[in-house]
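Heads up, coords-v3.tsv below (TSV, C-alpha atoms):
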```tsv
chain	number	residue	atom	x	y	z
A	1	MET	CA	0.00	0.00	0.00
A	2	PHE	CA	1.02	3.60	-0.64
A	3	ASP	CA	4.16	2.52	-2.53
A	4	ASN	CA	3.68	5.58	-4.78
A	5	VAL	CA	3.84	8.07	-1.87
A	6	LEU	CA	7.45	8.85	-1.02
A	7	HIS	CA	8.78	10.18	2.29
A	8	GLN	CA	5.43	10.73	4.01
A	9	ASN	CA	5.08	8.81	7.29
A	10	THR	CA	1.40	9.68	7.66
A	11	THR	CA	0.55	6.97	5.14
A	12	ALA	CA	1.61	4.31	7.66
A	13	GLN	CA	-1.06	5.58	10.06
A	14	ILE	CA	-3.70	5.59	7.30
A	15	CYS	CA	-2.69	2.08	6.25
A	16	GLY	CA	-2.91	0.79	9.82
A	17	ASP	CA	-6.34	2.33	10.36
A	18	ILE	CA	-7.65	0.76	7.14
A	19	MET	CA	-6.29	-2.71	7.92
A	20	GLU	CA	-7.71	-2.61	11.44
A	21	ASN	CA	-11.09	-1.27	10.26
A	22	ARG	CA	-10.63	2.01	12.13
A	23	PHE	CA	-10.75	4.27	9.09
A	24	PRO	CA	-13.77	6.60	9.48
A	25	GLY	CA	-16.29	7.70	6.89
A	26	ALA	CA	-15.04	11.30	6.76
A	27	VAL	CA	-11.41	12.44	7.01
A	28	LEU	CA	-9.30	15.51	6.35
A	29	PHE	CA	-5.83	15.26	4.82
A	30	SER	CA	-4.14	18.47	5.98
A	31	GLY	CA	-0.70	19.65	4.95
A	32	PRO	CA	1.34	21.94	2.72
A	33	GLY	CA	1.45	21.79	-1.06
A	34	GLY	CA	3.60	19.03	-2.46
A	35	SER	CA	3.17	16.79	0.59
A	36	GLY	CA	1.34	14.01	-1.27
A	37	LYS	CA	-2.23	14.60	-0.05
A	38	LEU	CA	-4.01	13.92	-3.35
A	39	THR	CA	-1.84	10.91	-4.22
A	40	SER	CA	-2.57	9.50	-0.76
A	41	ALA	CA	-6.29	10.18	-1.15
A	42	LEU	CA	-6.37	8.35	-4.49
A	43	GLU	CA	-4.44	5.42	-3.03
A	44	THR	CA	-6.80	5.31	-0.05
A	45	ALA	CA	-9.76	5.12	-2.43
A	46	ARG	CA	-8.11	2.23	-4.30
A	47	VAL	CA	-7.38	0.26	-1.14
A	48	LEU	CA	-10.88	0.75	0.27
A	49	SER	CA	-12.50	-0.67	-2.88
A	50	CYS	CA	-9.95	-3.45	-3.50
A	51	ALA	CA	-11.48	-6.87	-4.22
A	52	GLY	CA	-8.18	-8.78	-4.28
A	53	GLU	CA	-7.06	-11.46	-1.84
A	54	ARG	CA	-4.18	-9.32	-0.56
A	55	LYS	CA	-6.20	-6.21	0.19
A	56	GLY	CA	-4.65	-3.07	-1.19
A	57	HIS	CA	-1.35	-4.59	-2.35
A	58	TRP	CA	0.26	-2.21	-4.85
A	59	LEU	CA	0.55	-4.94	-7.51
A	60	CYS	CA	-3.05	-6.13	-7.06
A	61	ALA	CA	-4.62	-6.73	-10.47
A	62	CYS	CA	-8.24	-7.04	-9.39
A	63	PRO	CA	-10.65	-5.15	-11.70
A	64	SER	CA	-11.31	-2.50	-9.04
A	65	CYS	CA	-7.62	-1.74	-8.48
A	66	LEU	CA	-6.90	-1.56	-12.21
A	67	LEU	CA	-9.70	0.96	-12.71
A	68	HIS	CA	-8.56	3.03	-9.74
A	69	LYS	CA	-4.95	3.09	-10.96
A	70	ALA	CA	-6.23	4.37	-14.31
A	71	LEU	CA	-8.41	6.95	-12.47
A	72	SER	CA	-11.47	5.63	-14.30
A	73	SER	CA	-13.30	3.86	-11.47
A	74	ALA	CA	-17.04	4.39	-11.15
A	75	SER	CA	-16.52	4.26	-7.36
A	76	LEU	CA	-14.53	7.50	-7.29
A	77	LEU	CA	-15.50	11.16	-7.51
A	78	ILE	CA	-12.99	14.02	-7.41
A	79	ALA	CA	-14.21	17.57	-6.83
A	80	GLY	CA	-12.74	20.91	-5.92
A	81	PRO	CA	-10.22	23.31	-7.46
A	82	ARG	CA	-6.63	22.40	-8.31
A	83	ASP	CA	-3.95	23.83	-10.60
A	84	CYS	CA	-3.59	20.69	-12.71
A	85	THR	CA	-1.92	22.03	-15.83
A	86	PRO	CA	1.61	22.60	-14.43
A	87	GLU	CA	1.79	18.95	-13.39
A	88	ILE	CA	0.44	17.88	-16.78
A	89	ALA	CA	3.16	19.91	-18.52
A	90	ALA	CA	5.85	18.43	-16.26
A	91	ALA	CA	4.54	14.91	-16.85
A	92	GLU	CA	4.44	15.58	-20.60
A	93	ARG	CA	8.09	16.62	-20.57
A	94	ALA	CA	9.13	13.48	-18.69
A	95	PHE	CA	7.07	11.20	-20.95
A	96	VAL	CA	8.29	12.70	-24.24
A	97	ALA	CA	11.90	12.62	-23.02
A	98	ALA	CA	11.53	8.97	-21.99
A	99	VAL	CA	10.14	8.07	-25.42
A	100	SER	CA	12.88	9.92	-27.28
A	101	GLY	CA	15.63	8.42	-25.13
A	102	GLY	CA	14.21	4.92	-24.92
A	103	ALA	CA	14.39	5.19	-21.12
A	104	LYS	CA	13.90	2.13	-18.96
A	105	TYR	CA	11.31	4.09	-16.96
A	106	LEU	CA	9.16	4.73	-20.05
A	107	ASP	CA	6.14	2.83	-18.73
A	108	ALA	CA	6.26	4.72	-15.43
A	109	SER	CA	6.40	8.10	-17.22
A	110	ARG	CA	3.62	7.04	-19.56
A	111	TYR	CA	1.48	5.98	-16.61
A	112	PHE	CA	2.21	9.23	-14.76
A	113	PHE	CA	1.25	11.38	-17.76
A	114	LEU	CA	-2.05	9.52	-18.21
A	115	ARG	CA	-2.91	9.99	-14.52
A	116	SER	CA	-1.95	13.67	-14.55
A	117	VAL	CA	-4.49	14.32	-17.32
A	118	ARG	CA	-7.19	12.28	-15.59
A	119	LYS	CA	-6.66	14.13	-12.30
A	120	LEU	CA	-8.16	17.03	-14.23
A	121	THR	CA	-10.81	15.30	-16.36
A	122	ALA	CA	-12.12	13.34	-13.36
A	123	ARG	CA	-13.33	16.66	-11.92
A	124	PHE	CA	-15.77	16.94	-14.82
A	125	ASN	CA	-17.67	13.74	-14.10
A	126	PRO	CA	-21.29	14.20	-15.32
A	127	VAL	CA	-22.45	13.06	-11.88
A	128	LEU	CA	-21.10	16.30	-10.41
A	129	TRP	CA	-22.05	18.58	-13.28
A	130	GLN	CA	-25.61	17.35	-13.78
A	131	GLY	CA	-27.86	20.35	-14.37
A	132	ASP	CA	-25.00	22.76	-15.13
A	133	ASP	CA	-25.55	24.80	-18.29
A	134	LYS	CA	-21.87	24.31	-19.22
A	135	LEU	CA	-22.12	20.51	-19.28
A	136	SER	CA	-22.50	20.10	-23.05
A	137	LYS	CA	-19.46	22.30	-23.75
A	138	ILE	CA	-17.44	20.51	-21.07
A	139	ALA	CA	-18.43	17.11	-22.46
A	140	ALA	CA	-17.16	18.08	-25.90
A	141	VAL	CA	-13.70	19.03	-24.57
A	142	VAL	CA	-13.46	15.97	-22.30
A	143	SER	CA	-14.49	13.72	-25.18
A	144	GLU	CA	-11.73	15.19	-27.35
A	145	ILE	CA	-9.20	14.68	-24.58
A	146	ASP	CA	-10.28	11.05	-24.14
A	147	GLU	CA	-10.00	10.48	-27.89
A	148	GLU	CA	-6.47	11.91	-28.00
A	149	LEU	CA	-5.46	10.00	-24.88
A	150	GLU	CA	-6.60	6.56	-26.06
A	151	PRO	CA	-3.66	5.77	-28.41
A	152	LEU	CA	-1.25	6.62	-25.57
A	153	ASP	CA	-3.04	4.45	-23.02
A	154	PHE	CA	-2.19	0.91	-22.02
A	155	PRO	CA	-2.30	-1.69	-23.55
A	156	HIS	CA	-1.90	0.08	-26.91
A	157	GLU	CA	1.51	0.01	-28.54
A	158	LEU	CA	2.89	3.53	-28.53
A	159	PRO	CA	3.14	5.40	-31.84
A	160	GLU	CA	6.43	6.87	-33.01
A	161	ALA	CA	8.09	9.60	-30.96
A	162	GLU	CA	7.11	12.49	-33.26
A	163	LYS	CA	3.42	11.57	-33.10
A	164	ILE	CA	3.60	11.22	-29.33
A	165	ALA	CA	5.10	14.71	-29.00
A	166	LYS	CA	2.33	16.20	-31.14
A	167	ALA	CA	-0.38	14.29	-29.28
A	168	THR	CA	0.85	15.31	-25.82
A	169	GLU	CA	1.17	18.94	-26.88
A	170	LYS	CA	-2.42	18.92	-28.14
A	171	LEU	CA	-3.57	17.23	-24.95
A	172	ARG	CA	-1.81	19.82	-22.81
A	173	LYS	CA	-3.52	22.65	-24.69
A	174	LEU	CA	-6.92	20.97	-24.39
A	175	CYS	CA	-6.35	20.56	-20.64
A	176	GLU	CA	-5.41	24.22	-20.34
A	177	LYS	CA	-8.69	25.09	-22.07
A	178	LEU	CA	-10.70	22.75	-19.83
A	179	GLU	CA	-9.15	24.06	-16.61
A	180	GLY	CA	-9.06	27.71	-17.64
A	181	GLU	CA	-12.60	27.97	-18.97
A	182	PHE	CA	-14.60	25.58	-16.84
A	183	LEU	CA	-12.98	24.62	-13.52
A	184	TYR	CA	-14.46	26.60	-10.65
A	185	ASP	CA	-12.05	27.87	-8.01
A	186	SER	CA	-14.72	27.38	-5.35
A	187	ILE	CA	-16.76	24.20	-5.61
A	188	PRO	CA	-20.42	24.98	-6.47
A	189	ILE	CA	-23.16	23.92	-4.08
A	190	ALA	CA	-24.74	21.84	-6.87
A	191	HIS	CA	-21.63	19.63	-6.94
A	192	ILE	CA	-22.02	18.87	-3.23
A	193	ARG	CA	-25.71	18.09	-3.64
A	194	ASN	CA	-25.05	15.86	-6.66
A	195	ALA	CA	-22.21	14.10	-4.86
A	196	SER	CA	-24.42	13.59	-1.81
A	197	ALA	CA	-27.11	11.92	-3.93
A	198	TRP	CA	-24.47	9.70	-5.57
A	199	ALA	CA	-23.04	8.81	-2.15
A	200	ARG	CA	-26.32	7.21	-1.15
A	201	LEU	CA	-26.33	4.77	-4.07
A	202	LYS	CA	-25.36	1.21	-3.17
A	203	VAL	CA	-22.28	-0.56	-4.52
A	204	ALA	CA	-21.70	-4.28	-5.04
A	205	HIS	CA	-18.50	-4.40	-3.00
A	206	GLY	CA	-15.90	-2.17	-1.34
A	207	LYS	CA	-16.26	1.51	-0.67
A	208	LYS	CA	-17.05	4.53	-2.79
A	209	THR	CA	-14.85	7.58	-2.25
A	210	ILE	CA	-15.52	11.28	-2.73
A	211	ILE	CA	-12.37	13.42	-2.70
A	212	ILE	CA	-12.89	17.15	-2.19
A	213	GLU	CA	-9.71	19.15	-2.66
A	214	ASN	CA	-9.01	22.55	-1.09
A	215	ALA	CA	-11.98	22.28	1.24
A	216	ASP	CA	-10.97	25.59	2.84
A	217	ARG	CA	-12.03	27.48	-0.30
A	218	MET	CA	-15.72	26.56	-0.07
A	219	LEU	CA	-18.29	29.30	0.36
A	220	GLU	CA	-20.47	29.21	3.48
A	221	SER	CA	-23.56	27.83	1.71
A	222	VAL	CA	-21.45	25.04	0.21
A	223	ARG	CA	-19.90	24.22	3.59
A	224	ASN	CA	-23.36	23.94	5.12
A	225	ALA	CA	-24.49	21.59	2.35
A	226	LEU	CA	-21.41	19.41	2.90
A	227	LEU	CA	-22.01	19.44	6.64
A	228	LYS	CA	-25.42	17.81	6.18
A	229	ILE	CA	-23.99	14.72	4.46
A	230	LEU	CA	-21.01	14.56	6.83
A	231	GLU	CA	-23.37	14.40	9.83
A	232	GLU	CA	-24.57	10.99	8.64
A	233	PRO	CA	-22.30	9.72	5.84
A	234	PRO	CA	-23.57	6.60	4.05
A	235	GLU	CA	-21.97	3.44	5.39
A	236	ASP	CA	-20.29	2.45	2.12
A	237	THR	CA	-19.01	5.92	1.15
A	238	VAL	CA	-15.89	7.67	2.42
A	239	PHE	CA	-15.33	11.44	2.19
A	240	ILE	CA	-11.71	12.61	1.94
A	241	LEU	CA	-11.24	16.36	2.21
A	242	THR	CA	-7.87	17.99	1.62
A	243	THR	CA	-6.54	21.38	2.66
A	244	ALA	CA	-3.33	23.32	3.03
A	245	ARG	CA	-5.05	25.60	5.57
A	246	ARG	CA	-6.79	23.58	8.25
A	247	SER	CA	-7.50	26.76	10.25
A	248	ALA	CA	-9.71	28.00	7.38
A	249	VAL	CA	-11.96	24.93	7.43
A	250	MET	CA	-15.27	25.46	9.23
A	251	PRO	CA	-15.06	24.22	12.86
A	252	THR	CA	-18.29	22.23	12.55
A	253	ILE	CA	-16.77	20.35	9.60
A	254	LEU	CA	-13.56	19.74	11.55
A	255	SER	CA	-15.63	18.23	14.35
A	256	ARG	CA	-17.01	15.62	11.94
A	257	VAL	CA	-13.77	14.48	10.30
A	258	ARG	CA	-10.62	12.79	11.53
A	259	THR	CA	-7.55	14.79	10.57
A	260	TYR	CA	-4.44	13.13	9.17
A	261	ASN	CA	-1.58	15.61	9.20
A	262	PHE	CA	0.79	15.55	6.24
A	263	TYR	CA	4.14	17.15	6.94
A	264	GLU	CA	6.37	19.12	4.63
A	265	ARG	CA	9.00	16.78	3.31
A	266	PRO	CA	12.66	17.80	3.75
A	267	LEU	CA	14.08	19.52	0.69
A	268	SER	CA	16.38	16.54	0.06
A	269	ALA	CA	13.32	14.25	-0.01
A	270	GLN	CA	11.53	16.60	-2.39
A	271	HIS	CA	14.56	16.53	-4.67
A	272	GLU	CA	14.30	12.75	-4.73
A	273	VAL	CA	10.62	12.97	-5.65
A	274	ILE	CA	11.41	15.37	-8.49
A	275	GLN	CA	14.12	13.04	-9.77
A	276	ARG	CA	12.17	9.78	-9.42
A	277	VAL	CA	8.76	11.02	-10.56
A	278	PHE	CA	9.60	13.77	-13.04
A	279	HIS	CA	13.10	12.49	-13.92
A	280	ALA	CA	14.54	15.97	-13.65
A	281	ASP	CA	18.09	16.21	-12.32
A	282	GLY	CA	19.75	19.21	-10.73
A	283	PHE	CA	16.67	21.19	-9.64
A	284	SER	CA	17.38	22.75	-6.23
A	285	GLY	CA	13.92	23.96	-5.20
A	286	SER	CA	10.76	22.35	-3.83
A	287	ILE	CA	8.21	20.26	-5.74
A	288	ASP	CA	5.87	23.26	-5.96
A	289	ASP	CA	8.73	25.44	-7.22
A	290	TYR	CA	9.52	22.86	-9.89
A	291	LEU	CA	5.93	22.73	-11.15
A	292	LEU	CA	5.81	26.52	-11.33
A	293	THR	CA	8.64	26.45	-13.89
A	294	PHE	CA	6.13	24.98	-16.36
A	295	LEU	CA	3.87	28.03	-16.26
A	296	PRO	CA	3.72	30.06	-19.49
A	297	VAL	CA	5.01	33.11	-17.57
A	298	GLN	CA	7.77	32.62	-15.03
A	299	PRO	CA	6.95	33.35	-11.35
A	300	ALA	CA	9.83	35.83	-11.09
A	301	LEU	CA	8.26	38.04	-13.76
A	302	ILE	CA	4.84	37.79	-12.11
A	303	ALA	CA	6.40	38.84	-8.78
A	304	GLU	CA	8.09	41.81	-10.45
A	305	LYS	CA	4.83	42.91	-12.11
A	306	SER	CA	3.01	42.55	-8.80
A	307	ARG	CA	5.49	44.80	-6.97
A	308	ASP	CA	5.36	47.39	-9.76
A	309	PHE	CA	1.55	47.39	-9.77
A	310	PHE	CA	1.33	47.78	-5.99
A	311	SER	CA	4.01	50.46	-5.87
A	312	SER	CA	2.34	52.43	-8.66
A	313	VAL	CA	-1.06	52.44	-6.93
A	314	VAL	CA	0.17	53.40	-3.46
A	315	ARG	CA	2.19	56.26	-4.95
A	316	GLY	CA	-0.95	57.66	-6.55
A	317	HIS	CA	-0.45	56.48	-10.14
A	318	ILE	CA	-2.88	54.51	-12.32
A	319	PRO	CA	-1.24	51.36	-13.73
A	320	ASP	CA	-1.66	50.31	-17.36
A	321	ILE	CA	-3.87	47.29	-16.69
A	322	PRO	CA	-4.32	46.05	-20.29
A	323	THR	CA	-0.53	45.98	-20.83
A	324	LEU	CA	-0.07	44.28	-17.45
A	325	ILE	CA	-2.55	41.55	-18.37
A	326	LYS	CA	-0.81	40.99	-21.70
A	327	ASP	CA	2.63	40.79	-20.06
A	328	CYS	CA	1.29	38.25	-17.55
A	329	GLY	CA	-0.06	35.91	-20.22
A	330	LYS	CA	-3.66	37.00	-19.61
A	331	PHE	CA	-3.29	35.33	-16.18
A	332	GLU	CA	-3.97	31.93	-17.73
A	333	PRO	CA	-3.85	29.50	-16.03
A	334	ARG	CA	-5.42	31.19	-13.01
A	335	VAL	CA	-2.50	30.22	-10.76
A	336	LEU	CA	-0.70	33.18	-12.36
A	337	LEU	CA	-3.30	35.54	-10.91
A	338	ARG	CA	-2.90	33.90	-7.51
A	339	LEU	CA	0.88	34.43	-7.67
A	340	PHE	CA	0.30	38.06	-8.69
A	341	LEU	CA	-2.01	38.73	-5.75
A	342	ASN	CA	0.27	36.81	-3.37
A	343	GLY	CA	3.07	39.19	-4.33
A	344	MET	CA	1.09	42.11	-2.93
A	345	GLN	CA	0.19	40.08	0.13
A	346	ASP	CA	3.90	39.55	0.74
A	347	CYS	CA	4.48	43.31	0.56
A	348	SER	CA	1.97	43.85	3.37
A	349	ARG	CA	4.15	41.99	5.89
A	350	LYS	CA	6.17	45.16	6.36
A	351	LEU	CA	3.04	46.82	7.75
A	352	LEU	CA	2.59	44.47	10.69
A	353	ALA	CA	4.96	46.39	12.98
A	354	SER	CA	2.27	48.92	13.99
A	355	PRO	CA	-1.45	48.72	14.91
A	356	ALA	CA	-2.41	51.04	12.03
A	357	GLY	CA	-0.32	49.04	9.62
A	358	SER	CA	-1.84	45.77	10.84
A	359	GLN	CA	-5.36	47.08	10.23
A	360	ALA	CA	-4.37	48.24	6.75
A	361	ALA	CA	-2.86	44.79	6.09
A	362	VAL	CA	-6.14	43.13	7.10
A	363	GLU	CA	-8.09	45.35	4.71
A	364	LEU	CA	-5.53	44.69	1.98
A	365	THR	CA	-5.98	40.93	2.45
A	366	GLU	CA	-9.74	41.34	2.12
A	367	ALA	CA	-9.35	43.42	-1.06
A	368	LEU	CA	-7.03	40.82	-2.62
A	369	GLY	CA	-9.42	38.02	-1.71
A	370	SER	CA	-12.31	39.95	-3.21
A	371	CYS	CA	-10.31	40.47	-6.43
A	372	TRP	CA	-9.64	36.73	-6.66
A	373	ASN	CA	-13.30	35.84	-6.05
A	374	THR	CA	-14.47	38.41	-8.60
A	375	VAL	CA	-12.59	36.50	-11.29
A	376	THR	CA	-12.78	32.88	-10.14
A	377	VAL	CA	-16.16	32.70	-8.41
A	378	TYR	CA	-18.21	35.40	-10.12
A	379	ASN	CA	-16.57	35.00	-13.54
A	380	GLN	CA	-15.82	38.69	-14.10
A	381	SER	CA	-12.93	39.79	-16.32
A	382	VAL	CA	-9.46	40.19	-14.87
A	383	ASN	CA	-9.40	43.73	-16.23
A	384	SER	CA	-12.52	44.71	-14.27
A	385	ALA	CA	-11.27	42.97	-11.12
A	386	LEU	CA	-7.95	44.79	-11.21
A	387	GLU	CA	-9.65	48.14	-11.83
A	388	ILE	CA	-11.72	47.56	-8.68
A	389	LEU	CA	-8.57	46.52	-6.81
A	390	VAL	CA	-6.84	49.77	-7.77
A	391	ARG	CA	-9.71	51.76	-6.24
A	392	GLU	CA	-9.74	49.60	-3.10
A	393	LEU	CA	-5.98	49.92	-2.59
A	394	ALA	CA	-6.14	53.70	-3.06
A	395	LYS	CA	-9.00	53.89	-0.55
A	396	ILE	CA	-7.14	51.81	2.06
A	397	ASN	CA	-4.03	53.92	1.57
A	398	LYS	CA	-5.89	57.22	1.99
A	399	THR	CA	-7.90	56.01	5.00
A	400	HIS	CA	-4.74	55.04	6.86
A	401	GLY	CA	-2.65	58.12	6.10
A	402	MET	CA	-0.83	56.74	3.04
A	403	ILE	CA	0.60	53.93	5.17
A	404	LEU	CA	0.80	51.45	2.28
A	405	ARG	CA	3.82	53.34	1.01
A	406	TRP	CA	5.83	51.77	3.83
A	407	ALA	CA	5.24	48.40	2.21
A	408	VAL	CA	7.19	49.36	-0.90
A	409	ILE	CA	10.15	51.15	0.68
```
Could you render the structure from this file as structure tokens?
Amino acid sequence: MFDNVLHQNTTAQICGDIMENRFPGAVLFSGPGGSGKLTSALETARVLSCAGERKGHWLCACPSCLLHKALSSASLLIAGPRDCTPEIAAAERAFVAAVSGGAKYLDASRYFFLRSVRKLTARFNPVLWQGDDKLSKIAAVVSEIDEELEPLDFPHELPEAEKIAKATEKLRKLCEKLEGEFLYDSIPIAHIRNASAWARLKVAHGKKTIIIENADRMLESVRNALLKILEEPPEDTVFILTTARRSAVMPTILSRVRTYNFYERPLSAQHEVIQRVFHADGFSGSIDDYLLTFLPVQPALIAEKSRDFFSSVVRGHIPDIPTLIKDCGKFEPRVLLRLFLNGMQDCSRKLLASPAGSQAAVELTEALGSCWNTVTVYNQSVNSALEILVRELAKINKTHGMILRWAVI
């Protein structure tokens, strides 16, 4: 069990609880990015539904385990926001390089690329999206992805290297379209209601699993809807929530889940993961840092643009927002916008030395959060959201005696 989760001791506790029938119907996997929460959640789902004689063994070839490994099991739902496309791009690079070089780890890289794509497409299961007016458009993109993915899937013999490179590039672009245009940053209440109805359906054997990523990002109405099903979860369904911010999860939800804490792996261990999973040598940063290198605009440039934007506003100037958006790759994928807003959040740390500065920092955090929600929850344009943010920053600065200028000194 959990052979595919490296350097994370928490999996031993999960494994023990499963084998001794102590694993509850609702859990929270809490820990920083890159700590293996989703991989562990997927492996937990596989083990819980395993029909093999050696329950949950990594090499089990029972039909249930094979479907779970391919992320195509009917007993699994994945919901919630995630920046999937950087991992897809990293997996694509490793797969194409393995094909070109005839690497001995070709099958592993092939398998990892297939799963990276399905970590995204699984979030568009019609069960979750039933009744959504975007479903027909989503289905068309997912269908095209599945069609392009089939020749690369096991047990098909791989085409020649040039065709593989073209196919993976097309798949990456389709995934960028799917994530950028349709994936909500805050899970809709309809998804929780649809998942709750699905959870009550009976299965022939094993357990069904609903994985909800980034549970801390849910709106209050969505949290309340989730709370209802967590109060009395169906006996044959397990809910696995994940978060990097346990303190932001509603206390009443925390009271109904068992928390498994995932710890940040030492940098040396993360380097090993990068080498063994992505087959990239010589990278000195964290797993998250490595994935960010596959963004269309480098994080360093985003950070520079963020500082310039913030400095311009607090000094009383109006930034050129259309040019900014163009320079930042239209903030697609949306993780680029998050990095941009985080840059301003980092600037506010200089304000925490005084009571007035602390209050201004709180208001700044609220303004940045509102900007993010304007784009990702309410589907407004980035241009409009940033125009509103300019006015909010100017207002905060004026209210507190131009104190935001201290953040850019």
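Nearest to Val390 in chain A of all the residues A:Val408, A:Ile318, A:Val375, A:Leu337 is A:Ile318, based on all atoms listed in the file.
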Task: Near-Val47 in chain A list (9 Å; all atoms listed in the file; drop same-chain fewer than 2 positions) as a count of residues only - done: 17
TODO: Please indicate the distance in Å from CA of Asp216 in chain A to CA of Ala248 in chain A, rounded to one decimal place.
DONE: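 That distance, rounded to one decimal, is 5.3 Å.
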- [ ] Could you tell me how far CA of Val203 in chain A lies from CA of Ala61 in chain A, in Å and to one decimal?
- [x]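 Going from CA of Val203 in chain A over to CA of Ala61 in chain A, I get 19.6 Å.
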Task: Length of the CA of Leu227 in chain A to CA of Ile253 in chain A vector [Å] - done: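 Atom-to-atom, CA of Leu227 in chain A to CA of Ile253 in chain A, that is 6.1 Å.
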Open item on the list: For a quick check of understanding, using all atoms listed in the file, which of A:Lys163, A:Arg22, A:Arg123, A:Lys134 has the smallest distance to Ala195 in chain A?
Closed with: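 Residue with the minimum atom-to-atom distance to Ala195 in chain A: A:Arg123.
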List as a JSON list (two decimals) with C-alpha atoms, in the coordinates of the input the protein and nucleic acid residues near Phe283 in chain A, meaning an atom at most 8 Å away when all atoms listed in the file are counted, but skip any in the same chain fewer than 2 places from it.
```
[["chain", "number", "residue", "atom", "x", "y", "z"],
["A", 271, "HIS", "CA", 14.56, 16.53, -4.67],
["A", 274, "ILE", "CA", 11.41, 15.37, -8.49],
["A", 280, "ALA", "CA", 14.54, 15.97, -13.65],
["A", 281, "ASP", "CA", 18.09, 16.21, -12.32],
["A", 285, "GLY", "CA", 13.92, 23.96, -5.20],
["A", 290, "TYR", "CA", 9.52, 22.86, -9.89]]
```
N, CA, C and O atoms restored at range 41-53 of chain A, emitted as a compact mmCIF listing (two decimals), keeping the file's coordinate frame:
```
# COMPACT_ATOMS: atom_id res chain seq x y z
N ALA A 41 -4.83 10.31 -1.10
CA ALA A 41 -6.29 10.18 -1.15
C ALA A 41 -6.70 9.19 -2.24
O ALA A 41 -7.59 8.34 -2.02
N LEU A 42 -6.06 9.28 -3.39
CA LEU A 42 -6.37 8.35 -4.49
C LEU A 42 -5.99 6.92 -4.13
O LEU A 42 -6.71 5.98 -4.46
N GLU A 43 -4.86 6.76 -3.45
CA GLU A 43 -4.44 5.42 -3.03
C GLU A 43 -5.37 4.87 -1.95
O GLU A 43 -5.69 3.68 -1.95
N THR A 44 -5.83 5.73 -1.06
CA THR A 44 -6.80 5.31 -0.05
C THR A 44 -8.07 4.81 -0.70
O THR A 44 -8.63 3.77 -0.32
N ALA A 45 -8.55 5.53 -1.71
CA ALA A 45 -9.76 5.12 -2.43
C ALA A 45 -9.56 3.76 -3.08
O ALA A 45 -10.47 2.91 -3.05
N ARG A 46 -8.39 3.53 -3.66
CA ARG A 46 -8.11 2.23 -4.30
C ARG A 46 -8.14 1.10 -3.28
O ARG A 46 -8.78 0.06 -3.50
N VAL A 47 -7.46 1.31 -2.16
CA VAL A 47 -7.38 0.26 -1.14
C VAL A 47 -8.76 -0.06 -0.57
O VAL A 47 -9.11 -1.23 -0.36
N LEU A 48 -9.57 0.96 -0.34
CA LEU A 48 -10.88 0.75 0.27
C LEU A 48 -11.83 -0.02 -0.65
O LEU A 48 -12.79 -0.64 -0.16
N SER A 49 -11.60 0.02 -1.95
CA SER A 49 -12.50 -0.67 -2.88
C SER A 49 -11.88 -1.95 -3.44
O SER A 49 -12.49 -2.62 -4.28
N CYS A 50 -10.67 -2.28 -2.98
CA CYS A 50 -9.95 -3.45 -3.50
C CYS A 50 -10.74 -4.74 -3.27
O CYS A 50 -11.25 -4.97 -2.17
N ALA A 51 -10.79 -5.57 -4.31
CA ALA A 51 -11.48 -6.87 -4.22
C ALA A 51 -10.50 -8.02 -4.29
O ALA A 51 -10.90 -9.18 -4.45
N GLY A 52 -9.20 -7.74 -4.19
CA GLY A 52 -8.18 -8.78 -4.28
C GLY A 52 -8.00 -9.52 -2.97
O GLY A 52 -8.45 -9.08 -1.91
N GLU A 53 -7.31 -10.65 -3.04
CA GLU A 53 -7.06 -11.46 -1.84
C GLU A 53 -6.12 -10.74 -0.88
O GLU A 53 -6.29 -10.81 0.34
```
